[in-house]
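Below: one structure, written as structure tokens.
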Amino acid sequence: MSIETPVVANKREIRFTNRELVTLIAPLLLEQLLAITVGLADSLMVSTVGDAAISAVSLVDSISNLMIYIFSAMAAGGAAVAGQYIGRREQENANAAGQHLVLLLGATSVFFIALLYVFKHQVLTGVFGQIDADVMAATDKYYSIVIASIPGIALYNGGAAIFRTMGRSDVSLKVSLLMNGINVGGNALLIFGFHMDVAGVAIPTLVSRTVAAAVILGLLMNDSLPLHLSDLRAFRFQKRLLRNILYIGVPSGVENGMFHLGRLILFSLISTFGTASIVANAIGNTLGNFHCFAGQAVNLGLTTVVSQCVGGGDFDAARYYMRKLTRAAYVVMAAVNLLILALLPLIMRIYNVSPEAERLAVTVSVLHGIASIVLWLPAFMIPTFLRAAGDARFTMVASMLTMWLCRVVFAYIFGKYMGYGVVGVWVAHSVLDWIVRSMVFILRYRSGKWTTKAIKA
């Protein structure tokens with residue numbers, strides 16, 4: 001069943017040339033690939049510090065990543081609001097929306113890290129439970145430093161989202177190169193040069209994220225940019241703009257937060273299956289990042305394109321670019337995943353794990369790689385489209401329901417009660433959940449209800 005597309009009084013035709021689309025998305029592909037590659041290099045360097053450091057980084061990152069996922073989703077939601085104003089040719093509102101977004105991210109991130117510091121003891125003992133004394137000492141030190149980096153990465157994500165809205169994803173790529181270069185170089189210097197413990201991992205993270213935030217916000221102070229930051233003394237709070245940002249940003253942040261929470265629950269379940277399953281899951285997660293990076297990059301570009309089309313009331317253009325970018329994403333995703341599948345024997349040799357862990361790792365990697373080619377795009381690209389169009393509340397509710405009912409519940413059914421272990425968990429979250437998500441979001445997209453969800457004037 002479909003509804004009639006609304007007639008927009010001041011409809012504007014929105015067009016992106018192939019060159020503009022490539023200029024927007026190509027840097028995003030490189031940025032996503034850089035992030036996961038640097039993350040892999042980071043984990044390898046951390047492993048040389050010792051088991052206590054590895055455990056500390058893993059434990060604290062489970063908390064800090066939750067906050068980062070929430071703020072990155074809020075940044076994308078705020079950028080979608082600015083994009084819709086650009087589509088309406090309301091430049092002043094678009095610019096003000098960007099400024100409101102940065103201040104919102106700054107204020108909320110500082111507020112939440114203040115809570116994390118005030119209740120540090122409760123977090124360390126309540127969330128992480130009883131852990132060895134050396135791990136707790138390393139965790140306390142790493143926590144004390146890394147938590148302070150959350151406002152930096154939140155503001156960087158906000159600035160990067162604003163530049164993407166302007167079609168300048170090359171800027172976020174360059175700043176990302178700077179940030180990751182400082183992080184990797186700092187880790188190498190402090191770990192191998194000064195032989196520091198877990199602090200040698202934490203300090204470069206704090207410095208790199210703070211520098212990235214300062215640089216990208218400094219670049220946004222350029223008055224010649226379509227979206228730029230003004231002097232704080234000239235800032236005028238507008239309740240309407242903040243409401244529009246929260247209208248998309250809050251549901252997106254809640255959705256991302258719940259998604260990460262679900263991952264933590266599944267990790268807790270997998271940890272009960274034994275060492276081989278934990279190792280296989282870790283390898284699967286690492287390769288899974290490479291399986292999906294191209295789709296995630298296209299999604300970032302899709303937000304820019306669709307938000308401007310919807311803002312201008314050109315829903316036909318939004319549909320056209322959705323189809324165009326989906327076809328391109330399928331081609332890239334298929335090429336990347338087939339290459340990874342072909343290289344699996346070599347990759348397994350590099351890891352040099354036990355035969356059981358290798359067997360499980362190959363199984364979950366093949367499963368996730370094939371599912372990424374077939375199911376990832378409708379399961380995750382369509383909700384990105386809907387959020388950019390303003391239909392964020394529906395995507396939040398639908399995503400949370402499918403996650404808890406399909407991903408979590410059936411992970412326990414397949415993995416624990418039916419005895420399929422880690423493979424059963426991956427079937428639940430990479431096959432069943434993605435199939436149900438795809439069906440729900442395809443129906444929502446075809447209904448046309450998203451055409452009525454644009455931000456209010």
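How things are named: the first chain in the structure tokens is A, the next is B, and so on; residues count from 1 in each chain; ligands count from 1 in the order shown.
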
Within 12 Å of stretch 341-355 of chain A, counting only C-alpha atoms, which residues show up once you throw out same-chain ones fewer than 6 positions away? Write them as a PyMOL selection string, please. chain A and resi 44+275-280+282-284+286-288+290-291+334-335+361-370+372-373

Skip A:Asn93 itself and residues of its chain fewer than 4 positions away, then list as a PyMOL selection string all residues within 9 Å of it, counting only C-alpha atoms. chain A and resi 82+85-86+97-98+241

Could you write out that same residue set with N, CA, C and O atoms as an mmCIF file, in the first residue's frame?
```cif
data_model
loop_
_atom_site.group_PDB
_atom_site.id
_atom_site.type_symbol
_atom_site.label_atom_id
_atom_site.label_comp_id
_atom_site.auth_asym_id
_atom_site.auth_seq_id
_atom_site.Cartn_x
_atom_site.Cartn_y
_atom_site.Cartn_z
ATOM 1 N N ALA A 82 20.611 20.394 8.439
ATOM 2 C CA ALA A 82 21.262 21.446 7.654
ATOM 3 C C ALA A 82 21.104 21.179 6.165
ATOM 4 O O ALA A 82 20.887 22.110 5.376
ATOM 5 N N TYR A 85 17.708 22.210 4.945
ATOM 6 C CA TYR A 85 17.626 23.671 4.781
ATOM 7 C C TYR A 85 18.353 24.121 3.515
ATOM 8 O O TYR A 85 17.901 25.056 2.830
ATOM 9 N N ILE A 86 19.477 23.461 3.191
ATOM 10 C CA ILE A 86 20.167 23.793 1.944
ATOM 11 C C ILE A 86 19.267 23.494 0.754
ATOM 12 O O ILE A 86 19.188 24.277 -0.207
ATOM 13 N N ALA A 97 21.789 26.013 11.796
ATOM 14 C CA ALA A 97 21.623 24.622 12.225
ATOM 15 C C ALA A 97 22.980 23.979 12.495
ATOM 16 O O ALA A 97 23.148 23.227 13.465
ATOM 17 N N GLY A 98 23.960 24.273 11.657
ATOM 18 C CA GLY A 98 25.303 23.752 11.874
ATOM 19 C C GLY A 98 25.895 24.245 13.180
ATOM 20 O O GLY A 98 26.531 23.478 13.922
ATOM 21 N N LEU A 241 15.227 25.601 15.638
ATOM 22 C CA LEU A 241 16.317 24.863 15.017
ATOM 23 C C LEU A 241 16.768 23.704 15.904
ATOM 24 O O LEU A 241 17.019 22.594 15.409
#
```

Just want the 9 Å neighbourhood of stretch 107-122 of chain A, counted on only C-alpha atoms, with same-chain residues fewer than 4 positions away dropped. Output as a list in words.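 Near stretch 107-122 of chain A, the qualifying residues are Met67, Phe71, Val102, Leu103, Gly126, Val127, Asp140, Tyr143, Ser144, Ile147, Ala148, Ile150, Pro151, Gly152, Ala154 and Leu155 of chain A.
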
Kindly assemble as CSV a list of the stretch 63-142 of chain A residues that lie within 7 Å of stretch 215-229 of chain A, each paired with its nearest atom pair and their distance in Å to one decimal, using only C-alpha atoms, sorted first by chain and then by ascending residue number.
```
residue,atom,partner,partner_atom,distance
A:Ala94,CA,A:Leu227,CA,6.9
A:Asn95,CA,A:Leu227,CA,4.7
A:Gly98,CA,A:Leu227,CA,6.8
A:Gln99,CA,A:Leu229,CA,5.8
```
